[in-house]
$ cat structure_19.json   # JSON, C-alpha atoms and all ligand atoms
[["chain", "number", "residue", "atom", "x", "y", "z"],
["A", 1, "MET", "CA", 5.17, -13.77, -2.16],
["A", 2, "THR", "CA", 2.01, -12.03, -3.42],
["A", 3, "ASN", "CA", -1.23, -13.28, -1.93],
["A", 4, "PRO", "CA", -3.04, -15.23, -4.76],
["A", 5, "PHE", "CA", -6.26, -13.28, -4.18],
["A", 6, "THR", "CA", -4.41, -9.98, -4.57],
["A", 7, "ALA", "CA", -2.74, -11.26, -7.75],
["A", 8, "ALA", "CA", -6.18, -12.15, -9.18],
["A", 9, "ASN", "CA", -7.54, -8.74, -8.20],
["A", 10, "ARG", "CA", -4.64, -6.98, -9.90],
["A", 11, "LYS", "CA", -5.47, -8.81, -13.12],
["A", 12, "THR", "CA", -9.08, -7.62, -13.14],
["A", 13, "TRP", "CA", -8.05, -4.06, -12.19],
["A", 14, "ASP", "CA", -5.52, -3.96, -15.03],
["A", 15, "GLU", "CA", -8.33, -4.86, -17.40],
["A", 16, "ARG", "CA", -10.86, -2.43, -15.90],
["A", 17, "VAL", "CA", -8.75, 0.69, -16.40],
["A", 18, "ASP", "CA", -9.26, 0.92, -20.18],
["A", 19, "ILE", "CA", -12.98, 0.27, -19.80],
["A", 20, "HIS", "CA", -13.31, 2.94, -17.08],
["A", 21, "LEU", "CA", -11.44, 5.43, -19.28],
["A", 22, "ARG", "CA", -14.37, 5.05, -21.69],
["A", 23, "ASP", "CA", -16.96, 5.83, -18.99],
["A", 24, "THR", "CA", -19.95, 7.58, -20.45],
["A", 25, "GLY", "CA", -21.70, 7.91, -17.08],
["A", 26, "GLU", "CA", -21.09, 10.02, -14.03],
["A", 27, "ILE", "CA", -18.82, 7.70, -12.03],
["A", 28, "TYR", "CA", -15.65, 8.83, -13.84],
["A", 29, "PRO", "CA", -16.53, 12.18, -15.50],
["A", 30, "ILE", "CA", -13.26, 12.38, -17.42],
["A", 31, "ASP", "CA", -14.38, 14.89, -20.04],
["A", 32, "ALA", "CA", -15.72, 17.26, -17.39],
["A", 33, "PHE", "CA", -12.37, 16.89, -15.60],
["A", 34, "ARG", "CA", -10.47, 17.64, -18.82],
["A", 35, "ASN", "CA", -12.61, 20.77, -19.15],
["A", 36, "GLY", "CA", -11.50, 21.95, -15.73],
["A", 37, "ALA", "CA", -14.30, 20.65, -13.47],
["A", 38, "ASP", "CA", -13.54, 19.66, -9.89],
["A", 39, "ILE", "CA", -14.89, 16.12, -9.85],
["A", 40, "LEU", "CA", -14.53, 15.19, -6.16],
["A", 41, "MET", "CA", -17.78, 13.79, -4.79],
["A", 42, "PRO", "CA", -19.77, 16.11, -2.48],
["A", 43, "ILE", "CA", -18.87, 14.19, 0.69],
["A", 44, "GLU", "CA", -15.10, 14.56, 0.39],
["A", 45, "ALA", "CA", -15.40, 17.97, -1.27],
["A", 46, "GLY", "CA", -17.25, 19.16, 1.85],
["A", 47, "GLU", "CA", -14.92, 17.54, 4.36],
["A", 48, "ILE", "CA", -11.35, 17.61, 3.02],
["A", 49, "GLY", "CA", -10.75, 21.31, 3.69],
["A", 50, "ASP", "CA", -7.98, 23.41, 2.19],
["A", 51, "VAL", "CA", -5.27, 21.11, 0.81],
["A", 52, "SER", "CA", -3.22, 23.80, -0.85],
["A", 53, "GLY", "CA", 0.49, 23.30, -0.16],
["A", 54, "LEU", "CA", -0.05, 19.96, 1.56],
["A", 55, "ARG", "CA", 1.89, 16.82, 0.69],
["A", 56, "ILE", "CA", -0.71, 14.10, 0.00],
["A", 57, "ALA", "CA", -0.32, 10.34, -0.50],
["A", 58, "HIS", "CA", -3.35, 9.10, -2.44],
["A", 59, "LEU", "CA", -3.55, 5.34, -1.93],
["A", 60, "GLN", "CA", -5.28, 3.19, -4.56],
["A", 61, "CYS", "CA", -5.45, 6.18, -6.90],
["A", 62, "HIS", "CA", -6.77, 4.22, -9.94],
["A", 63, "PHE", "CA", -6.11, 6.33, -13.07],
["A", 64, "GLY", "CA", -5.57, 9.48, -11.07],
["A", 65, "LEU", "CA", -8.77, 11.51, -11.45],
["A", 66, "ASP", "CA", -8.98, 12.31, -7.74],
["A", 67, "SER", "CA", -5.20, 12.66, -7.37],
["A", 68, "LEU", "CA", -5.16, 15.26, -10.14],
["A", 69, "SER", "CA", -8.22, 17.00, -8.68],
["A", 70, "LEU", "CA", -6.34, 17.36, -5.38],
["A", 71, "ALA", "CA", -3.30, 18.62, -7.29],
["A", 72, "ARG", "CA", -5.52, 21.16, -9.03],
["A", 73, "ARG", "CA", -6.50, 22.33, -5.54],
["A", 74, "GLY", "CA", -2.84, 23.10, -4.91],
["A", 75, "ALA", "CA", -1.64, 19.90, -3.20],
["A", 76, "ASP", "CA", 1.64, 18.11, -3.91],
["A", 77, "VAL", "CA", 0.18, 14.67, -4.68],
["A", 78, "THR", "CA", 1.69, 11.21, -4.98],
["A", 79, "GLY", "CA", -0.78, 8.60, -6.21],
["A", 80, "LEU", "CA", -0.09, 4.90, -5.62],
["A", 81, "ASP", "CA", -1.81, 1.92, -7.19],
["A", 82, "PHE", "CA", -0.79, -1.70, -7.84],
["A", 83, "SER", "CA", -2.18, -1.69, -11.40],
["A", 84, "ALA", "CA", 0.42, -0.94, -14.09],
["A", 85, "SER", "CA", -2.34, 0.17, -16.50],
["A", 86, "ALA", "CA", -3.81, 2.50, -13.89],
["A", 87, "ILE", "CA", -0.46, 4.18, -13.26],
["A", 88, "GLU", "CA", 0.27, 4.47, -16.98],
["A", 89, "ALA", "CA", -3.17, 6.07, -17.55],
["A", 90, "ALA", "CA", -2.72, 8.42, -14.58],
["A", 91, "ARG", "CA", 0.63, 9.64, -15.91],
["A", 92, "ALA", "CA", -0.92, 10.13, -19.37],
["A", 93, "LEU", "CA", -3.84, 12.13, -17.92],
["A", 94, "ALA", "CA", -1.41, 14.29, -15.91],
["A", 95, "ALA", "CA", 0.66, 14.99, -19.03],
["A", 96, "GLU", "CA", -2.43, 15.72, -21.14],
["A", 97, "THR", "CA", -3.91, 18.17, -18.61],
["A", 98, "GLY", "CA", -0.57, 19.68, -17.62],
["A", 99, "ILE", "CA", -1.14, 18.95, -13.93],
["A", 100, "GLU", "CA", 1.89, 17.99, -11.88],
["A", 101, "ALA", "CA", 1.66, 14.85, -9.75],
["A", 102, "THR", "CA", 3.75, 11.75, -9.10],
["A", 103, "PHE", "CA", 2.40, 8.24, -9.70],
["A", 104, "VAL", "CA", 3.93, 5.07, -8.26],
["A", 105, "GLU", "CA", 3.06, 1.47, -9.14],
["A", 106, "ALA", "CA", 3.05, -0.52, -5.89],
["A", 107, "ASP", "CA", 0.90, -2.55, -3.56],
["A", 108, "VAL", "CA", -0.52, -0.57, -0.63],
["A", 109, "TYR", "CA", 1.34, -2.83, 1.76],
["A", 110, "GLU", "CA", 4.64, -1.75, 0.13],
["A", 111, "ALA", "CA", 3.79, 1.96, 0.31],
["A", 112, "ARG", "CA", 6.18, 2.83, 3.15],
["A", 113, "ALA", "CA", 9.10, 1.24, 1.32],
["A", 114, "ARG", "CA", 8.16, 2.76, -2.05],
["A", 115, "LEU", "CA", 7.22, 6.37, -1.14],
["A", 116, "SER", "CA", 9.81, 8.75, 0.22],
["A", 117, "GLY", "CA", 9.31, 11.11, 3.14],
["A", 118, "GLU", "CA", 6.32, 11.80, 5.35],
["A", 119, "PHE", "CA", 2.94, 13.17, 4.28],
["A", 120, "ASP", "CA", 0.54, 15.78, 5.68],
["A", 121, "VAL", "CA", -2.45, 13.78, 4.43],
["A", 122, "VAL", "CA", -3.10, 10.19, 3.43],
["A", 123, "TYR", "CA", -6.18, 10.23, 1.19],
["A", 124, "VAL", "CA", -8.20, 7.05, 0.62],
["A", 125, "THR", "CA", -11.64, 7.13, -0.95],
["A", 126, "TRP", "CA", -14.34, 4.95, -2.47],
["A", 127, "GLY", "CA", -13.77, 1.30, -3.27],
["A", 128, "THR", "CA", -10.38, 0.85, -1.62],
["A", 129, "ILE", "CA", -10.09, -1.03, 1.69],
["A", 130, "ILE", "CA", -12.51, -3.72, 0.47],
["A", 131, "TRP", "CA", -9.60, -4.98, -1.70],
["A", 132, "LEU", "CA", -7.22, -5.30, 1.25],
["A", 133, "PRO", "CA", -6.87, -8.55, 3.24],
["A", 134, "ASP", "CA", -5.54, -7.10, 6.52],
["A", 135, "ILE", "CA", -7.13, -3.85, 7.73],
["A", 136, "ARG", "CA", -4.92, -3.54, 10.81],
["A", 137, "ARG", "CA", -1.76, -3.80, 8.74],
["A", 138, "TRP", "CA", -3.25, -1.19, 6.38],
["A", 139, "ALA", "CA", -3.73, 1.14, 9.37],
["A", 140, "GLU", "CA", -0.05, 0.67, 10.28],
["A", 141, "VAL", "CA", 0.96, 1.55, 6.70],
["A", 142, "VAL", "CA", -1.18, 4.72, 6.86],
["A", 143, "ALA", "CA", 0.42, 5.71, 10.19],
["A", 144, "SER", "CA", 3.91, 5.07, 8.82],
["A", 145, "LEU", "CA", 3.29, 7.46, 5.90],
["A", 146, "LEU", "CA", 2.00, 10.35, 8.02],
["A", 147, "LYS", "CA", 4.12, 12.97, 9.72],
["A", 148, "PRO", "CA", 3.21, 13.49, 13.40],
["A", 149, "GLY", "CA", 0.08, 15.66, 13.36],
["A", 150, "GLY", "CA", -0.72, 14.60, 9.77],
["A", 151, "ARG", "CA", -4.12, 13.09, 9.01],
["A", 152, "LEU", "CA", -5.89, 10.29, 7.19],
["A", 153, "TYR", "CA", -9.02, 11.15, 5.22],
["A", 154, "LEU", "CA", -11.08, 8.04, 4.41],
["A", 155, "ALA", "CA", -14.46, 7.82, 2.65],
["A", 156, "GLU", "CA", -15.91, 4.38, 1.92],
["A", 157, "SER", "CA", -19.01, 2.27, 1.45],
["A", 158, "HIS", "CA", -20.53, 1.40, 4.84],
["A", 159, "PRO", "CA", -19.58, -2.06, 6.18],
["A", 160, "PHE", "CA", -23.22, -2.72, 7.11],
["A", 161, "LEU", "CA", -24.44, -1.89, 3.58],
["A", 162, "ARG", "CA", -21.84, -4.24, 2.13],
["A", 163, "GLN", "CA", -23.49, -7.13, 3.99],
["A", 164, "THR", "CA", -26.74, -6.58, 2.11],
["A", 165, "GLU", "CA", -28.30, -7.50, -1.22],
["A", 166, "GLN", "CA", -31.62, -6.53, -2.81],
["A", 167, "ALA", "CA", -34.49, -9.04, -2.60],
["A", 168, "ASP", "CA", -38.16, -8.27, -3.32],
["A", 169, "GLY", "CA", -37.61, -4.51, -3.16],
["A", 170, "LYS", "CA", -35.89, -4.69, 0.24],
["A", 171, "LEU", "CA", -32.36, -4.90, 1.55],
["A", 172, "VAL", "CA", -31.59, -8.24, 3.19],
["A", 173, "VAL", "CA", -28.43, -9.26, 5.03],
["A", 174, "ASP", "CA", -26.68, -11.80, 2.85],
["A", 175, "TRP", "CA", -23.00, -11.58, 3.73],
["A", 176, "THR", "CA", -20.89, -11.98, 6.84],
["A", 177, "TRP", "CA", -19.54, -8.87, 8.59],
["A", 178, "ARG", "CA", -15.90, -10.00, 8.77],
["A", 179, "THR", "CA", -13.67, -12.13, 6.54],
["A", 180, "PRO", "CA", -10.28, -13.59, 7.51],
["A", 181, "ALA", "CA", -7.33, -12.54, 5.33],
["A", 182, "ASP", "CA", -7.16, -16.02, 3.76],
["A", 183, "ALA", "CA", -10.91, -16.36, 3.10],
["A", 184, "PRO", "CA", -12.26, -13.37, 1.14],
["A", 185, "LEU", "CA", -15.62, -13.32, -0.59],
["A", 186, "ALA", "CA", -15.39, -14.30, -4.27],
["A", 187, "PHE", "CA", -17.46, -12.45, -6.86],
["A", 188, "ASP", "CA", -17.93, -13.14, -10.56],
["A", 189, "GLU", "CA", -18.94, -10.13, -12.61],
["A", 190, "ALA", "CA", -19.54, -10.06, -16.35],
["A", 191, "GLU", "CA", -19.02, -6.28, -16.53],
["A", 192, "THR", "CA", -17.38, -3.64, -14.41],
["A", 193, "TYR", "CA", -19.38, -0.91, -12.64],
["A", 194, "ALA", "CA", -18.39, 1.92, -15.03],
["A", 195, "GLY", "CA", -17.38, 2.33, -18.63],
["A", 196, "ASP", "CA", -18.95, 1.29, -21.90],
["A", 197, "GLY", "CA", -20.27, -2.17, -21.00],
["A", 198, "THR", "CA", -17.33, -4.12, -22.50],
["A", 199, "PRO", "CA", -17.47, -7.65, -21.04],
["A", 200, "LEU", "CA", -14.68, -8.50, -18.59],
["A", 201, "GLU", "CA", -12.30, -11.34, -19.42],
["A", 202, "THR", "CA", -11.19, -11.64, -15.79],
["A", 203, "GLN", "CA", -14.53, -11.91, -14.08],
["A", 204, "ARG", "CA", -13.46, -13.30, -10.69],
["A", 205, "SER", "CA", -12.41, -10.89, -7.94],
["A", 206, "TYR", "CA", -12.01, -11.17, -4.17],
["A", 207, "GLU", "CA", -13.19, -8.71, -1.52],
["A", 208, "TRP", "CA", -12.76, -8.55, 2.23],
["A", 209, "MET", "CA", -15.34, -7.41, 4.78],
["A", 210, "HIS", "CA", -13.93, -5.15, 7.49],
["A", 211, "SER", "CA", -16.06, -4.05, 10.43],
["A", 212, "LEU", "CA", -16.20, -0.40, 11.48],
["A", 213, "SER", "CA", -14.54, -1.30, 14.79],
["A", 214, "ASP", "CA", -11.65, -3.05, 13.01],
["A", 215, "ILE", "CA", -11.15, -0.01, 10.77],
["A", 216, "VAL", "CA", -11.34, 2.59, 13.55],
["A", 217, "GLY", "CA", -9.70, 0.34, 16.16],
["A", 218, "GLY", "CA", -6.84, -0.44, 13.76],
["A", 219, "LEU", "CA", -6.21, 3.27, 13.25],
["A", 220, "VAL", "CA", -6.31, 4.03, 16.98],
["A", 221, "ASP", "CA", -3.94, 1.14, 17.73],
["A", 222, "ALA", "CA", -1.61, 2.38, 14.97],
["A", 223, "GLY", "CA", -1.28, 5.75, 16.73],
["A", 224, "LEU", "CA", -4.06, 7.88, 15.21],
["A", 225, "THR", "CA", -6.75, 9.85, 17.04],
["A", 226, "LEU", "CA", -10.22, 10.04, 15.52],
["A", 227, "GLU", "CA", -11.29, 13.60, 14.63],
["A", 228, "PHE", "CA", -14.67, 12.76, 13.15],
["A", 229, "LEU", "CA", -16.68, 9.77, 11.95],
["A", 230, "HIS", "CA", -19.68, 10.56, 9.73],
["A", 231, "GLU", "CA", -22.30, 8.23, 8.25],
["A", 232, "HIS", "CA", -24.10, 9.17, 5.04],
["A", 233, "ASP", "CA", -27.28, 8.31, 3.09],
["A", 234, "SER", "CA", -25.49, 8.29, -0.27],
["A", 235, "LEU", "CA", -22.77, 6.43, -2.19],
["A", 236, "PRO", "CA", -20.98, 7.15, -5.52],
["A", 237, "TRP", "CA", -22.22, 3.89, -7.12],
["A", 238, "PRO", "CA", -25.43, 1.82, -6.92],
["A", 239, "HIS", "CA", -24.78, -1.00, -4.44],
["A", 240, "VAL", "CA", -28.16, -2.48, -5.42],
["A", 241, "PRO", "CA", -30.22, -1.86, -8.60],
["A", 242, "MET", "CA", -32.98, 0.07, -6.80],
["A", 243, "MET", "CA", -30.60, 2.88, -5.77],
["A", 244, "GLN", "CA", -31.22, 6.08, -7.72],
["A", 245, "GLN", "CA", -28.70, 8.72, -8.77],
["A", 246, "GLY", "CA", -29.27, 12.33, -7.73],
["A", 247, "GLU", "CA", -28.13, 15.52, -9.39],
["A", 248, "ASP", "CA", -25.08, 15.48, -7.11],
["A", 249, "ARG", "CA", -23.96, 12.19, -8.84],
["A", 250, "MET", "CA", -24.52, 10.24, -5.59],
["A", 251, "PHE", "CA", -26.83, 7.20, -5.37],
["A", 252, "ARG", "CA", -29.49, 6.81, -2.66],
["A", 253, "LEU", "CA", -32.13, 4.26, -1.67],
["A", 254, "PRO", "CA", -35.76, 5.06, -2.58],
["A", 255, "GLU", "CA", -37.33, 7.00, 0.31],
["A", 256, "ASP", "CA", -39.72, 4.17, 1.26],
["A", 257, "VAL", "CA", -36.94, 1.56, 1.59],
["A", 258, "ALA", "CA", -35.40, 1.06, 5.05],
["A", 259, "GLY", "CA", -31.64, 0.68, 5.03],
["A", 260, "PRO", "CA", -28.39, 1.19, 6.90],
["A", 261, "PRO", "CA", -26.04, 4.12, 6.30],
["A", 262, "LEU", "CA", -24.69, 3.80, 2.75],
["A", 263, "SER", "CA", -21.23, 5.24, 3.36],
["A", 264, "PHE", "CA", -18.98, 6.65, 6.05],
["A", 265, "SER", "CA", -16.13, 9.10, 6.18],
["A", 266, "LEU", "CA", -13.55, 9.81, 8.84],
["A", 267, "SER", "CA", -10.59, 11.95, 9.65],
["A", 268, "ALA", "CA", -7.91, 10.64, 12.02],
["A", 269, "ARG", "CA", -4.76, 12.46, 13.03],
["A", 270, "LYS", "CA", -1.41, 10.88, 13.88],
["A", 271, "ARG", "CA", -0.54, 11.52, 17.49],
["A", 272, "PRO", "CA", 2.66, 13.54, 17.93],
["A", 273, "ARG", "CA", 5.71, 11.76, 19.28],
["A", 274, "ILE", "CA", 5.98, 12.57, 22.97],
["A", 275, "PRO", "CA", 9.60, 12.73, 24.15],
["A", 276, "LEU", "CA", 10.33, 10.42, 27.10],
["A", 301, "LIG", "C1", -12.34, 1.57, -7.09],
["A", 301, "LIG", "S1", -10.71, 1.97, -7.48],
["A", 301, "LIG", "C2", -10.43, 3.37, -6.45],
["A", 301, "LIG", "C3", -10.89, 4.54, -7.14],
["A", 301, "LIG", "C4", -10.62, 5.78, -6.38],
["A", 301, "LIG", "N1", -11.80, 6.18, -5.72],
["A", 301, "LIG", "C5", -10.10, 6.87, -7.25],
["A", 301, "LIG", "O1", -9.47, 7.74, -6.71],
["A", 301, "LIG", "O2", -10.30, 6.86, -8.45],
["A", 301, "LIG", "C6", -9.77, 0.75, -6.59],
["A", 301, "LIG", "C7", -8.29, 0.83, -6.92],
["A", 301, "LIG", "O3", -7.58, 0.05, -5.93],
["A", 301, "LIG", "C8", -6.47, -0.53, -6.58],
["A", 301, "LIG", "N2", -6.01, -1.62, -5.69],
["A", 301, "LIG", "C9", -6.70, -2.72, -5.28],
["A", 301, "LIG", "N3", -5.95, -3.43, -4.42],
["A", 301, "LIG", "C10", -4.76, -2.79, -4.29],
["A", 301, "LIG", "C11", -3.59, -3.03, -3.54],
["A", 301, "LIG", "N4", -3.47, -4.10, -2.75],
["A", 301, "LIG", "N5", -2.57, -2.14, -3.62],
["A", 301, "LIG", "C12", -2.66, -1.05, -4.44],
["A", 301, "LIG", "N6", -3.76, -0.77, -5.18],
["A", 301, "LIG", "C13", -4.80, -1.61, -5.10],
["A", 301, "LIG", "C14", -7.00, -0.96, -7.94],
["A", 301, "LIG", "O4", -5.99, -1.13, -8.90],
["A", 301, "LIG", "C15", -7.93, 0.22, -8.27],
["A", 301, "LIG", "O5", -7.27, 1.19, -9.06]]
$ encode --input "structure_19.json" --output "structure tokens"
Amino acid sequence: MTNPFTAANRKTWDERVDIHLRDTGEIYPIDAFRNGADILMPIEAGEIGDVSGLRIAHLQCHFGLDSLSLARRGADVTGLDFSASAIEAARALAAETGIEATFVEADVYEARARLSGEFDVVYVTWGTIIWLPDIRRWAEVVASLLKPGGRLYLAESHPFLRQTEQADGKLVVDWTWRTPADAPLAFDEAETYAGDGTPLETQRSYEWMHSLSDIVGGLVDAGLTLEFLHEHDSLPWPHVPMMQQGEDRMFRLPEDVAGPPLSFSLSARKRPRIPL
């Protein structure tokens, strides 16, 4: 049975897709993409390396902008998302741009059952694991999708930043650092973070807080070895209103405001099977 929080989240994501497709800002630069631009953010663009010829599973692919960007770089990409509207939009964008990729509608936790074969890379970026109740089970799913020697690339908002809110021009810690699977944080938002400002009908969504040690520890316990863990001073969206967007599309805190790292990225490789 689907977790009721996940069912509620799917409803809001289904609604957000159409609004995001009308993004006039820099979060989803769809027209630039249609005109041939590579729209990966500078962090992953600098870290992902040559993906040409690699088989990639892109988890939580939304409407496929990043999946299709990876495909344009020569990868054989399968995008997966639980939102029917996201998958429909991703297939439409692939057809319109003539880029080959496969899109599958499924929950992340069903990915092993729904995707065939093993992958060289599992690619997960920006606004993903916060929607997942059990980070250790997610790590097991990632491991199950990878071939031995294959790797996970993950880029996300920093868990420490996610605990904070803006108050009187400063960042203050307002949220707990860990949430149990059955007790996520509930948020009510009138609008989504991108698009044309259309009000949301489904305003309630649920997010989970995962600590860095649960994320990395989960991956290590699932059979992956950490290759790098980087922390960054930028994020693709403004976590708080005072963050300012740079020419590289990334948002940063004003220089005189003290804060934690805003995002992190990691690469972790699946350990080869050692014959007994
Ligand atoms: C912020 S978007 C990710 C955007 C991503 N950076 C990209 O490539 O465009 C989050 C996505 O996660 C999906 N999602 C949330 N929970 C999910 C789940 N349990 N299984 C599959 N997809 C999920 C949503 O439908 C949404 O498309």
$ residues_near_ligand --input "structure_19.json" --ligand "ligand LIG 301 (chain A)" --cutoff "9 Å" --atoms "only C-alpha atoms and all ligand atoms" --output "ChimeraX atom specification"
/A:6-7,9-14,16-17,28,58-67,79-87,105-111,123-133,155-156
$ residues_around --input "structure_19.json" --residues "Gly53 (chain A)" --least-positions-apart "6" --cutoff "12 Å" --atoms "all atoms listed in the file" --output "list of chain:residue names"
A:Leu70, A:Ala71, A:Arg72, A:Arg73, A:Gly74, A:Ala75, A:Asp76, A:Val77, A:Phe119, A:Asp120, A:Val121
$ atom_distance --input "structure_19.json" --atom1 "CA of Glu227 (chain A)" --atom2 "CA of Leu115 (chain A)"
25.4 Å
$ residues_near_point --input "structure_19.json" --point "(-19.1, -17.3, -6.3)" --cutoff "12 Å" --atoms "all atoms listed in the file" --output "VMD selection string"
chain A and resid 184 to 189 203 to 207
$ write_last_selection --input "structure_19.json" --atoms "C-alpha atoms" --output "JSON list (two decimals), in the frame of the given file"
[["chain", "number", "residue", "atom", "x", "y", "z"],
["A", 184, "PRO", "CA", -12.26, -13.37, 1.14],
["A", 185, "LEU", "CA", -15.62, -13.32, -0.59],
["A", 186, "ALA", "CA", -15.39, -14.30, -4.27],
["A", 187, "PHE", "CA", -17.46, -12.45, -6.86],
["A", 188, "ASP", "CA", -17.93, -13.14, -10.56],
["A", 189, "GLU", "CA", -18.94, -10.13, -12.61],
["A", 203, "GLN", "CA", -14.53, -11.91, -14.08],
["A", 204, "ARG", "CA", -13.46, -13.30, -10.69],
["A", 205, "SER", "CA", -12.41, -10.89, -7.94],
["A", 206, "TYR", "CA", -12.01, -11.17, -4.17],
["A", 207, "GLU", "CA", -13.19, -8.71, -1.52]]
$ residues_around --input "structure_19.json" --residues "Leu145 (chain A)" --least-positions-apart "2" --cutoff "12 Å" --atoms "only C-alpha atoms" --output "PyMOL selection string"
chain A and resi 55-59+78+108-123+138-143+147-152+222-224+269-270
$ write_last_selection --input "structure_19.json" --atoms "C-alpha atoms" --output "mmCIF file, in the frame of the given file"
data_model
loop_
_atom_site.group_PDB
_atom_site.id
_atom_site.type_symbol
_atom_site.label_atom_id
_atom_site.label_comp_id
_atom_site.auth_asym_id
_atom_site.auth_seq_id
_atom_site.Cartn_x
_atom_site.Cartn_y
_atom_site.Cartn_z
ATOM 1 C CA ARG A 55 1.890 16.820 0.690
ATOM 2 C CA ILE A 56 -0.710 14.100 0.000
ATOM 3 C CA ALA A 57 -0.320 10.340 -0.500
ATOM 4 C CA HIS A 58 -3.350 9.100 -2.440
ATOM 5 C CA LEU A 59 -3.550 5.340 -1.930
ATOM 6 C CA THR A 78 1.690 11.210 -4.980
ATOM 7 C CA VAL A 108 -0.520 -0.570 -0.630
ATOM 8 C CA TYR A 109 1.340 -2.830 1.760
ATOM 9 C CA GLU A 110 4.640 -1.750 0.130
ATOM 10 C CA ALA A 111 3.790 1.960 0.310
ATOM 11 C CA ARG A 112 6.180 2.830 3.150
ATOM 12 C CA ALA A 113 9.100 1.240 1.320
ATOM 13 C CA ARG A 114 8.160 2.760 -2.050
ATOM 14 C CA LEU A 115 7.220 6.370 -1.140
ATOM 15 C CA SER A 116 9.810 8.750 0.220
ATOM 16 C CA GLY A 117 9.310 11.110 3.140
ATOM 17 C CA GLU A 118 6.320 11.800 5.350
ATOM 18 C CA PHE A 119 2.940 13.170 4.280
ATOM 19 C CA ASP A 120 0.540 15.780 5.680
ATOM 20 C CA VAL A 121 -2.450 13.780 4.430
ATOM 21 C CA VAL A 122 -3.100 10.190 3.430
ATOM 22 C CA TYR A 123 -6.180 10.230 1.190
ATOM 23 C CA TRP A 138 -3.250 -1.190 6.380
ATOM 24 C CA ALA A 139 -3.730 1.140 9.370
ATOM 25 C CA GLU A 140 -0.050 0.670 10.280
ATOM 26 C CA VAL A 141 0.960 1.550 6.700
ATOM 27 C CA VAL A 142 -1.180 4.720 6.860
ATOM 28 C CA ALA A 143 0.420 5.710 10.190
ATOM 29 C CA LYS A 147 4.120 12.970 9.720
ATOM 30 C CA PRO A 148 3.210 13.490 13.400
ATOM 31 C CA GLY A 149 0.080 15.660 13.360
ATOM 32 C CA GLY A 150 -0.720 14.600 9.770
ATOM 33 C CA ARG A 151 -4.120 13.090 9.010
ATOM 34 C CA LEU A 152 -5.890 10.290 7.190
ATOM 35 C CA ALA A 222 -1.610 2.380 14.970
ATOM 36 C CA GLY A 223 -1.280 5.750 16.730
ATOM 37 C CA LEU A 224 -4.060 7.880 15.210
ATOM 38 C CA ARG A 269 -4.760 12.460 13.030
ATOM 39 C CA LYS A 270 -1.410 10.880 13.880
#
$ closest_residue --input "structure_19.json" --among "A:Met242, A:Ile135, A:Leu219, A:Leu146" --to "Thr179 (chain A)" --atoms "only C-alpha atoms"
A:Ile135
$ atom_distance --input "structure_19.json" --atom1 "CA of Leu21 (chain A)" --atom2 "CA of Ala89 (chain A)"
8.5 Å
$ atom_distance --input "structure_19.json" --atom1 "CA of Ser213 (chain A)" --atom2 "CA of Pro159 (chain A)"
10.0 Å
$ closest_residue --input "structure_19.json" --among "A:Gly217, A:Gly49, A:Gly259, A:Gly197" --to "Gly169 (chain A)" --atoms "all atoms listed in the file"
A:Gly259
$ closest_residue --input "structure_19.json" --among "A:Thr2, A:Asp134, A:Phe228, A:Met243" --to "Leu171 (chain A)" --atoms "all atoms listed in the file"
A:Met243
$ closest_residue --input "structure_19.json" --among "A:Leu40, A:Leu161, A:Ala183, A:Ile30" --to "Pro261 (chain A)" --atoms "only C-alpha atoms"
A:Leu161
$ residues_around --input "structure_19.json" --residues "Arg249 (chain A)" --least-positions-apart "4" --cutoff "7 Å" --atoms "all atoms listed in the file" --output "ChimeraX atom specification"
/A:26,236,245
$ closest_residue --input "structure_19.json" --among "A:Trp237, A:Ile39, A:Ala194, A:Ala268" --to "Asp18 (chain A)" --atoms "all atoms listed in the file"
A:Ala194
$ closest_residue --input "structure_19.json" --among "A:Val257, A:Ile48, A:Ala92, A:Leu276" --to "Lys170 (chain A)" --atoms "only C-alpha atoms"
A:Val257
$ residues_around --input "structure_19.json" --residues "Ile43 (chain A)" --least-positions-apart "4" --cutoff "10 Å" --atoms "all atoms listed in the file" --output "list in words"
Glu47, Ile48, Ala155, His230, His232, Ser234, Leu235, Pro236, Met250, Ser263, Phe264 and Ser265 of chain A
$ residues_near_point --input "structure_19.json" --point "(-29.0, -9.8, 5.0)" --cutoff "12 Å" --atoms "all atoms listed in the file" --output "JSON, numbers by chain"
{"A": [160, 161, 162, 163, 164, 165, 166, 167, 170, 171, 172, 173, 174, 175, 176, 177, 259, 260]}
$ decode --input "structure_19.json" --residues "region 237-242 of chain A" --atoms "N, CA and C atoms" --output "mmCIF file, in the first residue's frame"
data_model
loop_
_atom_site.group_PDB
_atom_site.id
_atom_site.type_symbol
_atom_site.label_atom_id
_atom_site.label_comp_id
_atom_site.auth_asym_id
_atom_site.auth_seq_id
_atom_site.Cartn_x
_atom_site.Cartn_y
_atom_site.Cartn_z
ATOM 1 N N TRP A 237 18.197 26.810 -6.349
ATOM 2 C CA TRP A 237 16.996 27.587 -6.039
ATOM 3 C C TRP A 237 17.259 28.377 -4.743
ATOM 4 N N PRO A 238 16.465 29.439 -4.496
ATOM 5 C CA PRO A 238 16.682 30.210 -3.268
ATOM 6 C C PRO A 238 16.009 29.522 -2.082
ATOM 7 N N HIS A 239 16.797 28.966 -1.179
ATOM 8 C CA HIS A 239 16.213 28.324 0.006
ATOM 9 C C HIS A 239 15.560 29.363 0.907
ATOM 10 N N VAL A 240 16.148 30.556 0.952
ATOM 11 C CA VAL A 240 15.561 31.680 1.709
ATOM 12 C C VAL A 240 15.561 32.907 0.797
ATOM 13 N N PRO A 241 14.627 33.871 1.055
ATOM 14 C CA PRO A 241 14.487 35.009 0.128
ATOM 15 C C PRO A 241 15.760 35.814 -0.078
ATOM 16 N N MET A 242 16.654 35.869 0.928
ATOM 17 C CA MET A 242 17.831 36.737 0.754
ATOM 18 C C MET A 242 18.894 36.129 -0.171
#
